[in-house]
Structures are given as C-alpha cells and as structure tokens.
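This is start_33.txt. It holds compact mmCIF, C-alpha atoms.
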# COMPACT_ATOMS: atom_id res chain seq x y z
CA MET A 334 -17.40 152.91 -116.45
CA LYS A 335 -17.70 151.89 -120.10
CA LEU A 336 -20.54 149.57 -119.17
CA ILE A 337 -22.38 152.41 -117.48
CA ARG A 338 -21.91 154.59 -120.54
CA LEU A 339 -23.29 151.82 -122.70
CA LYS A 340 -26.26 151.44 -120.40
CA ILE A 341 -26.89 155.16 -120.52
CA ALA A 342 -26.71 155.07 -124.28
CA ILE A 343 -29.15 152.16 -124.47
CA LEU A 344 -31.46 153.82 -122.00
CA ALA A 345 -31.29 157.00 -124.02
CA ILE A 346 -32.18 155.19 -127.20
CA VAL A 347 -35.00 153.30 -125.53
CA CYS A 348 -36.39 156.43 -123.95
CA SER A 349 -36.13 158.57 -127.04
CA ALA A 350 -37.75 155.80 -129.06
CA ALA A 351 -40.58 155.57 -126.54
CA SER A 352 -41.24 159.26 -126.73
CA SER A 353 -39.91 162.05 -128.86
CA MET A 354 -41.12 164.69 -126.44
CA ALA A 355 -38.45 167.20 -125.42
CA GLY A 356 -39.55 166.98 -121.79
CA HIS A 357 -38.57 163.37 -121.71
CA ALA A 358 -35.00 164.06 -122.71
CA GLU A 359 -34.89 166.60 -119.91
CA SER A 360 -36.06 164.15 -117.28
CA LEU A 361 -33.40 161.77 -118.48
CA ALA A 362 -30.82 164.48 -117.89
CA VAL A 363 -32.21 164.94 -114.38
CA ARG A 364 -31.86 161.20 -113.79
CA ASN A 365 -28.23 161.37 -114.85
CA CYS A 366 -27.67 163.83 -112.02
CA THR A 367 -29.74 162.07 -109.37
CA TRP A 368 -27.87 158.80 -109.73
CA CYS A 369 -25.04 160.39 -107.80
CA HIS A 370 -26.68 163.39 -106.15
CA GLY A 371 -29.62 161.37 -104.82
CA ALA A 372 -33.25 161.02 -105.91
CA SER A 373 -34.33 164.22 -104.17
CA ALA A 374 -30.89 165.77 -104.85
CA GLN A 375 -30.00 165.93 -101.15
CA GLY A 376 -26.47 164.76 -101.94
CA TYR A 377 -24.81 161.41 -101.65
CA THR A 378 -21.20 161.38 -100.46
CA PRO A 379 -19.07 162.71 -102.09
CA ALA A 380 -21.63 164.30 -104.42
CA PRO A 381 -22.99 167.50 -102.84
CA ARG A 382 -26.63 168.41 -102.31
CA LEU A 383 -28.09 170.31 -105.28
CA ALA A 384 -31.58 170.84 -103.88
CA GLY A 385 -32.23 174.50 -103.13
CA GLN A 386 -28.90 175.62 -104.54
CA ARG A 387 -28.90 179.00 -106.36
CA TYR A 388 -29.53 178.35 -110.02
CA GLN A 389 -27.00 180.93 -111.26
CA TYR A 390 -24.38 179.18 -109.15
CA LEU A 391 -25.30 175.71 -110.48
CA GLU A 392 -25.26 177.07 -114.01
CA ASN A 393 -21.83 178.64 -113.49
CA GLU A 394 -20.44 175.44 -112.00
CA LEU A 395 -21.75 173.32 -114.88
CA ALA A 396 -20.09 175.75 -117.28
CA SER A 397 -16.83 175.52 -115.32
CA PHE A 398 -16.90 171.70 -115.40
CA HIS A 399 -17.49 171.96 -119.13
CA ALA A 400 -14.55 174.39 -119.51
CA HIS A 401 -12.40 172.32 -117.09
CA THR A 402 -11.78 175.35 -114.89
CA ARG A 403 -13.25 173.66 -111.81
CA ASP A 404 -10.32 171.38 -111.53
CA ASN A 405 -10.28 169.50 -108.24
CA PRO A 406 -9.91 165.69 -108.37
CA PHE A 407 -13.60 164.74 -107.95
CA SER A 408 -14.67 167.33 -110.49
CA LYS A 409 -12.19 165.90 -112.98
CA GLN A 410 -13.20 162.35 -112.21
CA TYR A 411 -16.97 162.76 -112.31
CA MET A 412 -18.20 166.12 -113.43
CA TRP A 413 -16.00 166.86 -116.45
CA GLY A 414 -17.49 163.84 -118.17
CA ALA A 415 -21.00 164.52 -116.93
CA ALA A 416 -20.94 168.10 -118.23
CA ALA A 417 -19.04 167.38 -121.44
CA ASN A 418 -22.08 167.09 -123.71
CA LEU A 419 -24.39 169.39 -121.83
CA SER A 420 -25.79 172.26 -123.88
CA ALA A 421 -26.03 175.66 -122.22
CA ARG A 422 -29.81 175.41 -122.42
CA THR A 423 -29.96 172.02 -120.71
CA ALA A 424 -27.50 173.20 -118.08
CA ARG A 425 -29.75 176.16 -117.31
CA ASN A 426 -32.88 174.01 -117.15
CA LEU A 427 -31.19 171.53 -114.82
CA ALA A 428 -29.92 174.36 -112.64
CA ILE A 429 -33.39 175.87 -112.37
CA TYR A 430 -34.97 172.50 -111.67
CA PHE A 431 -32.61 171.62 -108.81
CA SER A 432 -32.83 175.10 -107.32
CA THR A 433 -36.58 174.60 -106.82
CA LEU A 434 -36.24 171.40 -104.74
CA PRO A 435 -36.47 171.89 -100.96
CA PRO A 436 -33.06 171.41 -99.26
CA LYS A 437 -32.55 169.42 -96.06
CA ALA A 438 -29.73 170.08 -93.61
CA ALA A 439 -27.00 167.42 -93.38
CA ASN A 440 -26.55 168.03 -89.61
CA ASP A 441 -23.35 166.03 -89.65
CA GLY A 442 -20.79 168.47 -88.28
CA ASP A 443 -19.03 168.51 -84.94
CA ARG A 444 -21.32 170.26 -82.42
CA GLU A 445 -18.46 171.56 -80.30
CA SER A 446 -16.54 173.29 -83.03
CA ALA A 447 -19.73 174.76 -84.53
CA ALA A 448 -19.59 177.63 -82.01
CA LEU A 449 -16.29 178.88 -83.41
CA GLY A 450 -17.70 178.39 -86.90
CA ARG A 451 -20.64 180.59 -86.04
CA THR A 452 -18.34 183.37 -84.84
CA ILE A 453 -16.23 183.24 -88.01
CA TYR A 454 -19.29 183.07 -90.26
CA GLN A 455 -21.35 185.82 -88.61
CA GLU A 456 -18.65 188.16 -87.30
CA GLY A 457 -15.38 187.30 -88.98
CA MET A 458 -12.05 187.58 -87.17
CA PRO A 459 -10.89 191.11 -87.94
CA ASP A 460 -7.65 190.72 -85.99
CA SER A 461 -6.55 187.89 -88.29
CA ASN A 462 -8.02 189.55 -91.41
CA ILE A 463 -10.72 186.91 -91.84
CA VAL A 464 -13.91 188.39 -93.26
CA ALA A 465 -17.43 187.51 -92.10
CA CYS A 466 -18.96 185.03 -94.57
CA VAL A 467 -22.45 186.42 -93.81
CA VAL A 468 -21.86 189.54 -95.91
CA CYS A 469 -21.98 187.61 -99.19
CA HIS A 470 -23.58 184.27 -98.27
CA GLY A 471 -26.40 185.73 -96.13
CA PRO A 472 -27.55 185.46 -92.49
CA LYS A 473 -28.90 181.93 -92.99
CA ALA A 474 -26.17 180.92 -95.45
CA GLU A 475 -28.88 180.92 -98.11
CA GLY A 476 -26.76 182.53 -100.81
CA VAL A 477 -27.93 185.02 -103.42
CA GLY A 478 -27.52 185.22 -107.18
CA ALA A 479 -24.36 183.38 -108.13
CA VAL A 480 -23.22 183.22 -104.48
CA PRO A 481 -23.97 179.66 -103.35
CA ARG A 482 -26.21 178.50 -100.51
CA LEU A 483 -23.93 176.86 -97.92
CA GLY A 484 -26.40 176.16 -95.11
CA GLY A 485 -26.99 172.46 -94.52
CA LEU A 486 -24.41 171.14 -96.99
CA GLU A 487 -22.54 168.05 -95.91
CA SER A 488 -19.63 169.01 -93.64
CA SER A 489 -17.13 166.77 -95.46
CA TYR A 490 -17.97 168.52 -98.74
CA LEU A 491 -17.66 172.00 -97.20
CA LYS A 492 -14.37 171.06 -95.57
CA ARG A 493 -12.97 169.69 -98.80
CA ARG A 494 -13.97 172.73 -100.82
CA LEU A 495 -12.57 175.19 -98.26
CA LYS A 496 -9.32 173.25 -98.11
CA GLN A 497 -9.04 173.10 -101.91
CA TRP A 498 -9.19 176.87 -102.35
CA GLY A 499 -6.02 177.08 -100.28
CA GLU A 500 -4.41 174.32 -102.33
CA GLY A 501 -4.82 176.29 -105.53
CA TYR A 502 -7.84 174.53 -107.02
CA HIS A 503 -10.71 176.50 -108.58
CA ALA A 504 -8.39 179.47 -109.06
CA ALA A 505 -10.13 180.35 -112.32
CA ALA A 506 -13.27 181.15 -110.34
CA GLY A 507 -11.38 184.28 -109.36
CA PRO A 508 -11.51 186.34 -106.19
CA PRO A 509 -12.34 186.42 -103.39
CA MET A 510 -12.58 182.78 -102.27
CA PRO A 511 -8.99 181.62 -102.92
CA HIS A 512 -7.68 184.46 -100.75
CA ILE A 513 -10.31 184.09 -98.02
CA ALA A 514 -10.20 180.30 -97.71
CA GLY A 515 -6.42 180.21 -98.16
CA ASN A 516 -6.05 182.13 -94.90
CA LEU A 517 -8.19 179.74 -92.85
CA SER A 518 -6.49 177.25 -90.52
CA PRO A 519 -7.55 173.57 -90.60
CA ASN A 520 -9.24 174.16 -87.26
CA GLN A 521 -11.21 177.13 -88.60
CA ILE A 522 -12.23 175.16 -91.70
CA GLU A 523 -13.48 172.33 -89.51
CA ALA A 524 -15.45 174.83 -87.41
CA LEU A 525 -17.07 176.54 -90.40
CA ALA A 526 -17.99 173.25 -92.07
CA SER A 527 -19.54 172.02 -88.83
CA TYR A 528 -21.53 175.19 -88.22
CA LEU A 529 -22.84 175.35 -91.79
CA SER A 530 -23.92 171.70 -91.85
CA PHE A 531 -26.51 172.46 -89.13
CA ILE A 532 -28.10 175.50 -90.78
CA LYS A 533 -31.58 174.94 -92.18
CA MET B 213 28.60 187.94 -69.79
CA ARG B 214 27.50 191.52 -69.36
CA VAL B 215 29.04 192.46 -72.71
CA VAL B 216 27.43 189.50 -74.41
CA GLY B 217 24.14 190.37 -72.72
CA THR B 218 24.30 193.99 -73.89
CA GLN B 219 25.22 192.93 -77.40
CA LEU B 220 22.34 190.49 -77.50
CA ALA B 221 19.96 193.12 -76.21
CA LEU B 222 21.20 195.53 -78.87
CA GLN B 223 20.78 192.94 -81.59
CA ILE B 224 17.26 192.15 -80.43
CA ALA B 225 16.46 195.86 -80.34
CA ILE B 226 17.74 196.34 -83.91
CA LEU B 227 15.85 193.29 -85.07
CA ALA B 228 12.68 194.58 -83.39
CA VAL B 229 13.01 197.95 -85.12
CA VAL B 230 13.56 196.28 -88.50
CA PHE B 231 10.57 194.03 -88.00
CA THR B 232 8.21 196.80 -86.95
CA GLY B 233 9.43 198.81 -89.94
CA THR B 234 8.56 196.15 -92.51
CA GLY B 235 5.76 194.85 -90.29
CA ARG B 236 3.71 198.00 -90.71
CA ALA B 237 3.87 198.04 -94.48
CA ASP B 238 2.99 194.33 -94.49
CA ASP B 239 0.15 194.95 -92.05
CA VAL B 240 -1.35 197.61 -94.32
CA GLN B 241 -1.11 195.34 -97.36
CA ALA B 242 -2.66 192.42 -95.46
CA LYS B 243 -5.47 194.66 -94.24
CA ILE B 244 -6.09 195.95 -97.76
CA GLY B 245 -6.32 192.35 -98.99
CA TYR B 246 -8.87 191.77 -96.24
CA CYS B 247 -10.94 194.84 -97.28
CA LYS B 248 -10.83 193.69 -100.90
CA ASP B 249 -12.16 190.23 -99.97
CA CYS B 250 -15.54 191.90 -99.60
CA HIS B 251 -15.25 195.22 -101.45
CA GLY B 252 -13.77 193.66 -104.60
CA PRO B 253 -10.23 193.22 -105.96
CA SER B 254 -10.16 196.82 -107.23
CA ALA B 255 -12.47 198.01 -104.44
CA GLN B 256 -15.14 198.45 -107.10
CA GLY B 257 -17.80 197.08 -104.72
CA TYR B 258 -19.63 193.77 -104.84
CA ARG B 259 -23.21 192.56 -104.83
CA GLY B 260 -23.17 189.95 -102.09
CA PHE B 261 -26.15 189.10 -99.94
CA PHE B 262 -25.80 192.72 -98.83
CA PRO B 263 -24.59 195.36 -101.28
CA ILE B 264 -20.95 196.09 -100.47
CA PRO B 265 -20.00 199.65 -101.41
CA ARG B 266 -17.31 200.79 -103.79
CA LEU B 267 -14.34 202.28 -101.94
CA ALA B 268 -12.22 203.03 -105.01
CA GLY B 269 -11.56 206.71 -105.54
CA GLN B 270 -13.45 207.62 -102.39
CA GLN B 271 -12.56 210.81 -100.53
CA PRO B 272 -10.06 209.83 -97.79
CA GLU B 273 -11.62 212.20 -95.28
CA TYR B 274 -15.01 210.60 -95.86
CA LEU B 275 -13.65 207.05 -95.48
CA GLU B 276 -11.79 207.95 -92.30
CA ASN B 277 -14.88 209.63 -90.88
CA GLN B 278 -17.04 206.59 -91.68
CA LEU B 279 -14.61 204.13 -90.12
CA ARG B 280 -14.61 206.28 -86.99
CA ALA B 281 -18.42 206.54 -87.20
CA PHE B 282 -18.70 202.73 -87.01
CA ILE B 283 -16.43 202.70 -83.96
CA GLU B 284 -18.30 205.55 -82.23
CA HIS B 285 -21.73 204.07 -83.02
CA ARG B 286 -22.64 207.12 -85.06
CA ARG B 287 -23.24 204.76 -87.97
CA THR B 288 -24.81 201.40 -87.18
CA ASN B 289 -23.49 198.32 -88.94
CA ASN B 290 -22.43 195.31 -86.87
CA ILE B 291 -20.10 193.90 -89.49
CA MET B 292 -18.29 197.18 -90.02
CA PHE B 293 -18.12 197.86 -86.29
CA ASN B 294 -16.24 194.56 -85.90
CA VAL B 295 -13.97 195.45 -88.78
CA ALA B 296 -13.28 199.04 -87.72
CA HIS B 297 -12.81 198.79 -84.00
CA THR B 298 -9.53 196.88 -84.36
CA LEU B 299 -8.01 199.52 -86.67
CA SER B 300 -5.48 202.01 -85.33
CA PRO B 301 -5.79 205.66 -86.42
CA GLY B 302 -2.61 205.21 -88.49
CA MET B 303 -4.07 202.17 -90.23
CA ILE B 304 -7.33 204.02 -90.97
CA ALA B 305 -5.40 206.85 -92.62
CA ALA B 306 -3.22 204.43 -94.60
CA LEU B 307 -6.25 202.49 -95.89
CA ALA B 308 -8.13 205.64 -96.88
CA ALA B 309 -5.08 206.94 -98.77
CA GLN B 310 -4.69 203.66 -100.69
CA PHE B 311 -8.33 203.35 -101.75
CA ARG B 312 -8.22 206.91 -103.03
CA GLN B 313 -5.70 205.76 -105.68
CA LEU B 314 -7.90 203.10 -107.29
CA ASN B 315 -10.04 203.85 -110.32
CA PRO B 316 -11.84 200.79 -111.72
CA LYS B 317 -14.89 201.02 -113.97
CA PRO B 318 -18.28 201.06 -112.22
CA ILE B 319 -19.78 197.57 -111.91
CA GLY B 320 -23.08 198.76 -113.40
CA GLY B 321 -26.31 196.82 -113.28
CA ALA B 322 -28.76 199.71 -112.75
CA PRO B 323 -31.88 200.05 -114.94
CA LYS B 324 -30.78 202.32 -117.81
CA GLN B 325 -34.21 203.88 -118.28
CA LEU B 326 -33.89 205.62 -114.89
CA VAL B 327 -30.62 207.37 -115.66
CA ALA B 328 -32.10 210.44 -117.42
CA THR B 329 -34.49 211.24 -114.55
CA GLY B 330 -31.68 210.70 -112.05
CA LYS B 331 -29.38 213.02 -113.97
CA LYS B 332 -32.00 215.78 -113.86
CA ILE B 333 -32.49 215.43 -110.10
CA PHE B 334 -28.73 215.29 -109.54
CA GLU B 335 -28.02 218.39 -111.63
CA ASP B 336 -31.08 220.57 -111.02
CA GLY B 337 -32.57 219.30 -107.76
CA MET B 338 -36.32 219.60 -107.22
CA PRO B 339 -37.02 223.17 -106.12
CA ASP B 340 -40.76 222.56 -105.63
CA ILE B 341 -40.10 220.01 -102.86
CA ASN B 342 -37.10 221.88 -101.54
CA ILE B 343 -34.40 219.50 -102.71
CA ALA B 344 -31.14 221.08 -103.76
CA ALA B 345 -29.12 219.77 -106.68
CA CYS B 346 -26.93 216.87 -105.48
CA ALA B 347 -24.19 218.35 -107.63
CA ALA B 348 -24.06 221.42 -105.39
CA CYS B 349 -22.32 219.44 -102.65
CA HIS B 350 -21.15 216.21 -104.31
CA GLY B 351 -19.69 218.10 -107.27
CA PRO B 352 -20.71 218.14 -110.94
CA ASP B 353 -18.87 214.83 -111.51
CA ALA B 354 -20.14 213.35 -108.24
CA THR B 355 -16.59 212.88 -107.00
CA GLY B 356 -17.26 214.48 -103.61
CA SER B 357 -14.92 216.56 -101.49
CA GLY B 358 -13.59 216.21 -97.93
CA GLN B 359 -16.27 214.60 -95.77
CA ILE B 360 -18.75 214.68 -98.66
CA PRO B 361 -18.50 211.31 -100.38
CA ARG B 362 -17.82 210.47 -103.98
CA LEU B 363 -20.97 208.91 -105.46
CA ALA B 364 -19.65 208.28 -108.98
CA GLY B 365 -19.64 204.55 -109.71
CA GLN B 366 -21.22 203.67 -106.36
CA LEU B 367 -23.36 200.52 -106.38
CA TYR B 368 -26.99 201.02 -107.37
CA PRO B 369 -28.47 198.86 -104.55
CA TYR B 370 -26.10 200.39 -102.00
CA VAL B 371 -27.12 203.99 -102.80
CA ILE B 372 -30.77 202.95 -102.57
CA LYS B 373 -30.21 201.25 -99.23
CA GLU B 374 -28.35 204.24 -97.76
CA LEU B 375 -30.86 206.86 -98.91
CA THR B 376 -33.79 204.71 -97.78
CA ASN B 377 -32.37 203.98 -94.33
CA TRP B 378 -30.49 207.23 -93.75
CA GLY B 379 -32.24 208.19 -90.50
CA LYS B 380 -31.85 204.67 -89.10
CA GLU B 381 -28.19 204.11 -89.99
CA ARG B 382 -26.47 207.48 -89.78
CA GLY B 383 -26.13 210.02 -87.00
CA GLN B 384 -27.14 207.44 -84.39
CA ASN B 385 -25.06 208.69 -81.46
CA PRO B 386 -26.83 211.72 -79.89
CA ALA B 387 -23.67 212.55 -77.95
CA LYS B 388 -21.72 212.89 -81.19
CA PRO B 389 -23.69 214.73 -83.86
CA ASP B 390 -21.98 214.60 -87.26
CA THR B 391 -22.19 215.82 -90.85
CA SER B 392 -24.67 213.07 -91.75
CA ALA B 393 -27.36 215.44 -90.41
CA ILE B 394 -26.97 217.50 -93.61
CA MET B 395 -28.29 214.63 -95.73
CA SER B 396 -31.10 213.72 -93.38
CA PRO B 397 -33.88 216.02 -94.70
CA VAL B 398 -32.88 215.32 -98.31
CA ALA B 399 -32.97 211.55 -97.91
CA HIS B 400 -36.26 211.85 -96.04
CA SER B 401 -37.92 213.95 -98.78
CA LEU B 402 -37.00 211.71 -101.69
CA ASN B 403 -39.56 209.07 -102.60
CA LYS B 404 -38.72 205.54 -103.74
CA SER B 405 -38.68 206.19 -107.47
CA GLN B 406 -36.63 209.39 -107.06
CA ILE B 407 -34.10 207.49 -104.94
CA GLU B 408 -33.86 204.77 -107.57
CA ALA B 409 -33.39 207.33 -110.34
CA VAL B 410 -30.58 209.17 -108.54
CA ALA B 411 -28.94 205.85 -107.63
CA ALA B 412 -29.09 204.68 -111.24
CA PHE B 413 -27.51 207.91 -112.45
CA VAL B 414 -24.60 208.10 -109.99
CA SER B 415 -23.87 204.37 -110.33
CA SER B 416 -23.33 204.87 -114.05
CA LEU B 417 -20.69 207.61 -113.66
CA ASN B 418 -17.00 206.88 -114.16
Represent the structure from my file as structure tokens, please.
Amino acid sequence: MKLIRLKIAILAIVCSAASSMAGHAESLAVRNCTWCHGASAQGYTPAPRLAGQRYQYLENELASFHAHTRDNPFSKQYMWGAAANLSARTARNLAIYFSTLPPKAANDGDRESAALGRTIYQEGMPDSNIVACVVCHGPKAEGVGAVPRLGGLESSYLKRRLKQWGEGYHAAAGPPMPHIAGNLSPNQIEALASYLSFIK
Amino acid sequence: MRVVGTQLALQIAILAVVFTGTGRADDVQAKIGYCKDCHGPSAQGYRGFFPIPRLAGQQPEYLENQLRAFIEHRRTNNIMFNVAHTLSPGMIAALAAQFRQLNPKPIGGAPKQLVATGKKIFEDGMPDINIAACAACHGPDATGSGQIPRLAGQLYPYVIKELTNWGKERGQNPAKPDTSAIMSPVAHSLNKSQIEAVAAFVSSLN
C-alpha cells in the first residue's frame, strides 16, 4: 500500500513536471479511479461500475467517502483514502466525466430468481409493505438526479449494498433506503440483484 | 380433558383478541412507514423518477376518495392501484387521518420568477378565457376542503403532471363518474406556461 502511494506520488511529480496543464492533473485523477473501476469504468470486482452513473449521485458518494459517512468495510478500506484529498471541484469533474461513459450490463445474476426481482422492482409487494423500486429509480433502472442508476450493475455489488442497508451501514444517507432494504429478505435481495444485473 | 380443552380454547381466544387489538395499530404504523418510503419521511413528497406527491396536511376525504379511485379505475396509475387494492376501508381512513396531522415545509424547487403570475391566476382566475379563481374552490390558502384537495406545498412537477394529464388520468371509469369532472375544463383550458405558473405558486405555499 505504501509502495503504491509512493508510486502515485512519483507519477504525479513526473506528470506535473511534464506538463503544468490543469487538464493533465484531471486525467491523472481519472486514472486513479480506473485502476480499480476499470479502464472504461465498467467496474472490477468489488469496485462497482461508474460508467453512466448519475453525476449528482457520484458527487454525493465522493462527498460521503470524504466525510466518512459511507461507512461500509470496502468504503473504509478503499474509498476513504481515495477521496481524502479530493477537492469538491475535482470530485464534480470526475463525477461528470464518468457519468458520460456508456454503461454495459453485467448480466451476472441468477436467471431464475430474476423473475421475482422484476415483480418487486416494477410492482412492489404491497401486502408485505415493500415499495416498487421503479417509482424512484425509473422503468429501466436508469436513475434520475441523485437517485442512482441500478440497471446492469454487478449482482454481487447490488446484493452487498442492499444487505448493508439492513445491517445499519450508510445510515447517514438518510431515508428511505435503510427502511426499504432493511425489510427485504435475503431471497428478495438475491432476486432484485439478479434482475437488475440484466437491465441495459 | 374437556375442561382443559375449553380453558385452552379460551386462552387462545383471549390471545387472539389481544393480538388483533395491537395488531391493527401496528399494521397502520407499518403501512404508514411503507407510504413514507416513497412520499417522504414527513410525507412532504419526493422527486423520484416520477414526482411523488405530498400527502402531508391533505384533506382526508380527498385522500380516501383518491385511494378508492385507484381501486375503482377512476384514476389510472398502476403503482397506486397495486398499493391501494390491498387496503381495507378501515386502513384507508386511518392513513388519511394520520397524514392530515403532518405539516412539514414545502420541498420547493420551483422557478421563483413564475410565482407572481401563478398567484394572480390562483387568486383572480382568467375571466377572458373563462377560468375561475382557483382560490374559489381550493380556498384562499390553497388548503382545500372535503373532496377538494389541498394544493399548498404540493410538488411543482407533480402539479404540472396532473394538470397536463388530467383528462387521461382522472375520471377514467365511465360507470363511475366522479368529482374530477369539475377540474376537467379548467385543466384543459390552461396552457403550458399558465400551468407552470400556478404550480410554482401553490408549491411555494406553507
């Protein structure tokens, strides 16, 4: 880890010496992200896809890593450090950049449980007080504003996030996700994650 | 054995009564939590992919009528049909009564420059195109009355959506005509910028 930091520092010095253009520093910041999130930002387990994500959402998440309010283990381990020295302006520029990249669907869920996932997502389960995700996240799980795009994310990432809400992580993000996800059974989480992973 | 059996039956019966007693209050609270998942923690409304209306402070009679309208296909909305058709009449009344009690600040977000025009339409109407003052029915504070909804603090994009789509969303069951017919000519006569102005004004009201 220290070695990587040293390498980054050397690279930074080399790059800034080679060019003092502001754009160059920005592309270096992008490279810092793509090392884990993949060259076209399609995600690289366990780092989620960033391509096509809503920029307001990415910006909010970067701010919450910075403020340590997104507090699940992987966030602590990787993203707190990554966002520690990020200025608000750079965070916004990165968010906008990644939001413009075309997303690809992970397609890695379980086909059989995707049917139940579709029902929960599109219609909800009113008898068990489970709301339809579509109302906020959109008919194609494309998200809007600060509401994230979920369609085509890796199923293991979706599953982990949905499970973590119920475990008390990310509570600072506020309602409604802790309450909604906290009421989902493991089976329902599996189904939703599977369904969403196939959406283009 | 018979005595034991009777005693057991009695105990079960008592237990059942106790459980239904607390069960109903718990059911209402659970259902309210479910409503708030979409409509916001204070039922102030939420801008999701679709605008989700404010329920806080709404007229109970209006809310009850709308929930029934979803069930009876007078008002078309697939999501709300799913939500409403599982609700008992007692639950509908209990929910409407609870939302009436809430009074959060409006969430805002409407263009401020439209508010003055909207206020004029709301208070004076537009006599030359035969539009009555909104205040005449919805009240000077836009708080509504009976089946006439409160508009104060309602979401800007939601009011726009409703006024724009009135004839396609409301009064859709010919066998069951309802009070939505009153709004039909008004919504139809308003143009886009007038709708936006009125929406901006009512969304700004406490």
Item checked: Contact residues (chain B, partner chain A, 8 Å, all atoms listed in the file) as a PyMOL selection string -> chain B and resi 242-243+246+248-250+252-253+259-262+291+294-295+298
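Relative to atom CA of A:Ala526, atom CA of A:Lys492 is found at 5.5 Å.
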Checklist line | Separation of atom CA of B:Gln310 from atom CA of B:Ala354, in Å and rounded to one decimal | finding: 19.7 Å
Notebook entry, point to check: Which protein, DNA or RNA residues are at most 9 Å from (-27.6, 202.9, -108.4) in the file's coordinates when you count only C-alpha atoms, listed as a list of chain:residue names?
Noted result: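 Looking at atoms near the point gives B:Gly320, B:Gly321, B:Ala322, B:Pro323, B:Gly365, B:Gln366, B:Leu367, B:Tyr368, B:Pro369, B:Tyr370, B:Val371, B:Ile372, B:Ile407, B:Glu408, B:Ala409, B:Val410, B:Ala411, B:Ala412, B:Phe413, B:Val414, B:Ser415, B:Ser416.
Surrounding residues of (-10.4, 167.6, -108.9) at most 12 Å away are Phe398, His401, Thr402, Arg403, Asp404, Asn405, Pro406, Phe407, Ser408, Lys409, Gln410, Tyr411, Met412, Trp413, Arg493, Arg494, Gln497, Trp498, Glu500, Gly501, Tyr502 and His503 of chain A (based on all atoms listed in the file).
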Please write the residues from the selection above to a file, keeping C-alpha atoms, as a JSON list (two decimals), in the coordinates of the input.
[["chain", "number", "residue", "atom", "x", "y", "z"],
["A", 398, "PHE", "CA", -16.90, 171.70, -115.40],
["A", 401, "HIS", "CA", -12.40, 172.32, -117.09],
["A", 402, "THR", "CA", -11.78, 175.35, -114.89],
["A", 403, "ARG", "CA", -13.25, 173.66, -111.81],
["A", 404, "ASP", "CA", -10.32, 171.38, -111.53],
["A", 405, "ASN", "CA", -10.28, 169.50, -108.24],
["A", 406, "PRO", "CA", -9.91, 165.69, -108.37],
["A", 407, "PHE", "CA", -13.60, 164.74, -107.95],
["A", 408, "SER", "CA", -14.67, 167.33, -110.49],
["A", 409, "LYS", "CA", -12.19, 165.90, -112.98],
["A", 410, "GLN", "CA", -13.20, 162.35, -112.21],
["A", 411, "TYR", "CA", -16.97, 162.76, -112.31],
["A", 412, "MET", "CA", -18.20, 166.12, -113.43],
["A", 413, "TRP", "CA", -16.00, 166.86, -116.45],
["A", 493, "ARG", "CA", -12.97, 169.69, -98.80],
["A", 494, "ARG", "CA", -13.97, 172.73, -100.82],
["A", 497, "GLN", "CA", -9.04, 173.10, -101.91],
["A", 498, "TRP", "CA", -9.19, 176.87, -102.35],
["A", 500, "GLU", "CA", -4.41, 174.32, -102.33],
["A", 501, "GLY", "CA", -4.82, 176.29, -105.53],
["A", 502, "TYR", "CA", -7.84, 174.53, -107.02],
["A", 503, "HIS", "CA", -10.71, 176.50, -108.58]]
Margin query: Let me make sure I understand: among B:Leu267, B:Ala364, B:Val240, B:Ala281, which one has the smallest atom-to-atom distance to B:Gln313 if we use only C-alpha atoms?
Written below: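 Smallest distance to B:Gln313 is found for B:Leu267.
In this model, the gap between atom CA of A:Arg482 and atom CA of A:Ala504 comes to 19.8 Å.
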Next item on the list: With a distance cut-off of 12 Å and all atoms listed in the file, select the neighbouring residues of stretch 518-524 of chain A, excluding the residue or stretch itself and same-chain residues fewer than 2 positions from it, and output the selection as number ranges by chain.
Entry: A: 441-454, 457-458, 461, 463, 487-499, 513-516, 526-531
Where is the centre and how long are the edges: axis-aligned box on stretch 454-467 of chain A, 4 Å on each side, Å to one decimal, as lines of an AutoDock Vina configuration file:
center_x = -14.5
center_y = 187.1
center_z = -90.3
size_x = 23.9
size_y = 16.0
size_z = 16.6
